[in-house]
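> Shown below is the structure under consideration.
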Amino acid sequence: MAEYDFRKIEKKWQQYWAENDIYKTENTSQKPKFYALDMFPYPSGAGLHVGHPLGYIASDIVSRYKRLKGFNVLHPMGFDSFGLPAEQYAIQTGQHPAITTEQNIKRYKEQLKNIGFSFDWDREVQTHQAEYYKWTQWIFMQLFNSWYNKETDRAEDIETLIAVFQASGNQNISTVSDDDTPIFTAEEWNSWEEEDQLKTLLHYRLTFPSEAVVNWCPALGTVLANDEIKDGVSERGGHPVERKKMKQWMMRITAYADRLLKNLDHLEWSEPMKDMQTNWIGKSYGCELQFQVEDNSKVLTAFTTRPDTIYGVTFIVMAPEHEWINKLTTAEQENEVKAYVEAAKNRSERERQTDVKSVSGVFTGSYATNPFTDEPIPIWVADYVLAGYGTGVVMAVPSSDDRDYRFAKKFDLPITLVIKGSEELDNPTDLKHGTMFNSGILNDLTSKEATRKAIEYAEENGFGQSKVNFRMRDAVFSRQRYWGEPVPAYFKGDIPYLVDEKDLPIKLPAIDKYKPTETGEPPLGRAKNWTYNGDPLELTTMPGWAASSWYFLRYMDANNESAFANKEITDYWGQVDLYLGGTEHATGHLLYSRFWNMFLYDRGLISHEEPFKKLINQGMIQGVSSFVYRLVLSGDDKLMPEVFLSKGIVDRIQKSNLTRAEQDIIEKILKRELTSFNHKHGTSWSVENVLEQKIIPMHVDISMVKNDILDVDEFKAWRPELKNAVVIPEANKNYLCGSEVEKMSKSKYNVVNPDEIIDRYGADTLRLYEMFLGPLEQFKPWNTNGIDGVFKFLRKVWNLFHKESGEFYVSNEAPTKEELKILHRTIKKAQEDIERYSFNTSVSEFMICLNDLTALKCNKVAILEPLVVVLSPYAPHIAEELWHKLGHVNSITKTEFPSYNEAYLVEDEHEYPVSVNGKMRAKLKFPVDMVKEDIEKQVLDNEVIQKWLDGKSPKKVIVVPKKIVNVVV
RNA sequence: GCGGAUGUGGCGAAAUUGGUAGACGCACUAGACUUAGGAUCUAGCGGAGCGAUCCAUGGGGGUUCGAGUCCCUCCAUCCGCACCA
């Protein structure tokens, strides 16, 4: 009896594929290329859960399909293996993070291989391997040796900049550099010592050390990038983050802000994803206006997007971090301002963010002049102004900006209305645009016109100029950690130098402990002889996003020892045609890798400006957690009995419709159990009224719960303290659990391991089921309920090829027209679905097809053989088995995807919607030759209509354009 | 607050350009076969009604012969950003 023995079949073919290098990809081919990429995983200790493979399955289906369609397909996999968890574990245990990392990778690979992916493992990358990070370091060096030329709008070799400086200084150069870059002439440059020249160049390099205010996370002992912080706490671990000024390596990503934004137009990414990047880059057009401070030589510059409201400016606000505050504060105000600035500095990022509503600030005592009105306006300090955005100075317009309005209200500052109509509103800021009044030269202009005119006027009179501002900042590149790439730079005094290229890789040194040093230096400070020719090497390591910003290029030429990748080969593979991953990388990895790729393109190292042509964000598969409800008894005795109420009881208690009788029963049980508990432990617990007790939900392991019913014995054995738990069930004796959809996580006991599913149903079922679950991009909970249907489908496929006795049997009879139609319909559907990267409906189509063929008892080779090929991207193991049983020697992966023939799909009759007296009633079939495409000119046969109308004769038959037959009775 | 997405049976979901809403699967119900199984097969399965029919795609309105689909408006849920001037 040859049942569908998926275990045997899957093992057999996985072995066959591996032994015969079936998925090895050549770097040259006559075939067109296709690059299908998954975001590579961080190998965590928990292993894969069923959510991880979702995207991998989708990309694998596409890859297998494309191969069958004659493409040379690159479909690699690797591991983003530097990272915090391994290091945290190392700190706790003293074990080198490489050991944990490599164990985890091994486990991940085993799990991945069980699913039957068509990865070319010869191209695997592991970012923590020196062979890989050698090139991460090399790219870092190229960035250091480059500057951004705004003239040519690309990165260039630093030598070209030096040449410019030698010839004409930096006065006429258009570039992206630090704000505090000094201006100098060629003479000055040429007269400087080398040291000063190098210092000056740091203002231009694309990566550079800088004293910057950063997000410091004391708990993790490292700085974090903006995208690594969510809600003011670290994304990993949720630790508080504070602002701190530290020396850091930075990446000048702001040089690319415009291109990163502009190129989004040409990418096949989802709109929400593009929007997220657009918002993150945050380009805003406006102007800078200069305000002369009275009785002081200082001129404050404020950035504004609303120069049209300049006549409504009634005060100026500076960020507490602004360096001029001391100089602008009058003697009377000094103490107050100092206290405020100090308080603002000590507020954590978290406080400052969560406390958005409260308004605080202090007057400096100074005034500045509004250049349009020559009126004096007070200068304030307030922490709602951010030092890092614009100039850190805001011209406040309380009549059209909510924050300024709140501030003016609180401190009783004047509010000048400048937009017509706003005087009728309780809150003038509800009207943001309109026609200007009270506005001198801008009167009667619209906001848009006034904006243009105000900028023109400011430029003519030399107190302002139009300006574009970005929200995005340069990226902090340093991490005070061990488990990352060492930065290939050393210092002579303050000046950083690159190591010699021939000395790459700079390998991670051995250290005794993985903690910061006693003096607070990063872990690398513990390394012995961490020097380069006697000079100290950089102590920080690179962030996680360094390695992931170029790994997709390494896959193309993964084993190259003389370059990060051969140019001819990267030219051949070009862009990633399909990139699959989650939305969580929108403002991190996906932005940084575009930046690095663009840089490599600028420097002529690769030929595409954008790395990822098409991006699909697969939705997360969530877990369904189960809960038990613990009754917390009032009393302060430490030894508290564990009492759990069933979900139904809890619901009725909370809705207060527990009947008196039910309550009595529960209380009786409780009393009995508590008496015995008290007797045993010498305690004195009692429950007077169960309705008055606190109930808290508690996660339980989902393996103990079937259809919401808890296995009480298993539950009591779960943990020692539950051994004597009192479990109060429903009237039918079942204990019901509650459930909730949450992110899959170990701590919520809701993780489903793909190995379990594979063991029970097989990899092919897992693959099909994950696709069947719903649209790829949607978030959905993992629910095993439907998996039987998919498994049954595969078993039925198997049975179609086998007699009841189990013997393989297919017929060589010629197929009927009906059978051909079923086949071609299915080929068409599968092809169209894969090509638009949607997979769930084609799985349904397979099932329909199978039902149809089973009904016809069709086991004809001419139908089944192409069908197996169509199914093979989804369920490769069973397809391969049946393919060989059909007598083929080569792997099914070497064949061609069958093409469908429209001719088989054409109907003998056409369907037309028919409406009676204007109301759509049915679709009627008419012979093809009766109603041709040009339906307007055709007159329908009354007989057909009559037949349909039960013999009634239609008064009028109107055939309207767009395929509709309108009958008037 | 700003930006985006989603809303269809008990559940997961289908529905080219507007054209019989709910394909397919799960769960459920009934039956068949059965020395019984977490097996297979057949039928039914949005709601109301004996029925013809009527009502149903978050709510309300509109365009149209015809709306899940297009337009307006409101509501709910989720996600991203957030004193960004």
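Just remember, in the structure tokens the first chain shown is A, the second B, etc., residues are 1-based per chain, and ligands are 1-based in the order shown.
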Go through chain B and flag each residue having an atom no more than 7 Å from chain A; for those, report the closest pair of atoms plus their distance in Å to one decimal, using only C-alpha atoms (C1' of nucleotides), ordered by chain and rising number, as a tab-separated table.

residue	atom	partner	partner_atom	distance
B:G4	C1'	A:Pro272	CA	5.7
B:G12	C1'	A:Leu773	CA	6.3
B:A13	C1'	A:Gly774	CA	6.7
B:G19	C1'	A:Pro913	CA	6.0
B:U20	C1'	A:Ala922	CA	5.2
B:C24	C1'	A:Ser844	CA	4.8
B:G25	C1'	A:Gly789	CA	6.0
B:C26	C1'	A:Gly786	CA	4.6
B:C65	C1'	A:Gly918	CA	4.3
B:G66	C1'	A:Met920	CA	6.3
B:G80	C1'	A:Met276	CA	6.6
B:C83	C1'	A:Tyr384	CA	4.7
B:C84	C1'	A:Arg471	CA	6.0
B:A85	C1'	A:Thr304	CA	5.7
> What's the 10 Å shell around segment 67-74 of chain B, counting only C-alpha atoms (C1' of nucleotides), without same-chain residues fewer than 3 positions away, as a list in words?
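My list of contacting residues is U8, A15, G18, G19, A21, U57, G59, G60, G61, G62, U63 and U64 of chain B.
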> If you run DSSP on the backbone, which residues of segment 575-687 of chain A are helix (DSSP H, G or I), as a PyMOL selection string?
chain A and resi 583-585+589-602+647-654+660-681
> Could you pull the residues within 12 Å of Ala855 of chain A, counting only C-alpha atoms (C1' of nucleotides), minus those fewer than 6 positions along the same chain, as a PDB file with N, CA, C and O atoms (P, O5', C5', C4', C3', O3' and C1' of nucleotides), in the first residue's frame?

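Output (result_15.pdb):
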ATOM      1  N   LYS A 796      -4.959  13.753  -2.051  1.00  0.00           N
ATOM      2  CA  LYS A 796      -5.821  13.470  -3.205  1.00  0.00           C
ATOM      3  C   LYS A 796      -5.029  13.539  -4.503  1.00  0.00           C
ATOM      4  O   LYS A 796      -5.290  12.789  -5.439  1.00  0.00           O
ATOM      5  N   LEU A 800      -4.701  10.430  -7.153  1.00  0.00           N
ATOM      6  CA  LEU A 800      -5.058  10.519  -8.564  1.00  0.00           C
ATOM      7  C   LEU A 800      -4.111   9.680  -9.420  1.00  0.00           C
ATOM      8  O   LEU A 800      -4.471   9.210 -10.492  1.00  0.00           O
ATOM      9  N   GLU A 818     -12.925  18.745 -22.153  1.00  0.00           N
ATOM     10  CA  GLU A 818     -13.245  19.232 -20.812  1.00  0.00           C
ATOM     11  C   GLU A 818     -12.010  19.166 -19.906  1.00  0.00           C
ATOM     12  O   GLU A 818     -11.714  20.092 -19.156  1.00  0.00           O
ATOM     13  N   GLU A 819     -11.304  18.056 -20.003  1.00  0.00           N
ATOM     14  CA  GLU A 819     -10.112  17.883 -19.179  1.00  0.00           C
ATOM     15  C   GLU A 819      -9.034  18.897 -19.552  1.00  0.00           C
ATOM     16  O   GLU A 819      -8.378  19.474 -18.683  1.00  0.00           O
ATOM     17  N   ILE A 822      -9.800  22.231 -18.049  1.00  0.00           N
ATOM     18  CA  ILE A 822      -9.443  22.306 -16.625  1.00  0.00           C
ATOM     19  C   ILE A 822      -7.941  22.554 -16.474  1.00  0.00           C
ATOM     20  O   ILE A 822      -7.502  23.426 -15.731  1.00  0.00           O
ATOM     21  N   ILE A 848      -9.644  23.366  -6.758  1.00  0.00           N
ATOM     22  CA  ILE A 848     -10.800  23.265  -7.650  1.00  0.00           C
ATOM     23  C   ILE A 848     -10.479  22.327  -8.799  1.00  0.00           C
ATOM     24  O   ILE A 848     -11.260  21.452  -9.163  1.00  0.00           O
ATOM     25  N   CYS A 849      -9.292  22.513  -9.345  1.00  0.00           N
ATOM     26  CA  CYS A 849      -8.836  21.696 -10.463  1.00  0.00           C
ATOM     27  C   CYS A 849      -8.862  20.221 -10.081  1.00  0.00           C
ATOM     28  O   CYS A 849      -9.329  19.360 -10.837  1.00  0.00           O
TER      29      CYS A 849
ATOM     30  P     C B  41     -13.135  12.096   0.113  1.00  0.00           P
ATOM     31  O5'   C B  41     -14.565  11.571  -0.310  1.00  0.00           O
ATOM     32  C5'   C B  41     -14.708  10.689  -1.414  1.00  0.00           C
ATOM     33  C4'   C B  41     -16.112  10.153  -1.458  1.00  0.00           C
ATOM     34  C3'   C B  41     -17.212  11.195  -1.506  1.00  0.00           C
ATOM     35  O3'   C B  41     -17.398  11.697  -2.817  1.00  0.00           O
ATOM     36  C1'   C B  41     -17.772   9.570   0.106  1.00  0.00           C
TER      37        C B  41
END
> At what distance in Å, to one decimal, does atom CA of Ser745 of chain A lie from atom CA of Pro97 of chain A?
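These atoms are spaced 22.2 Å apart.
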> If DSSP is run on the backbone, what residues of segment 134-205 of chain A are strand (DSSP E)? A reply as number ranges by chain would be ideal.
A: 146-149, 154-157
> If we count only C-alpha atoms (C1' of nucleotides), what is near Gln166 of chain A at a cut-off of 8 Å, once residues fewer than 3 positions away on the same chain are taken out, given as a PyMOL selection string?
chain A and resi 162-163+169+186-187+189-190
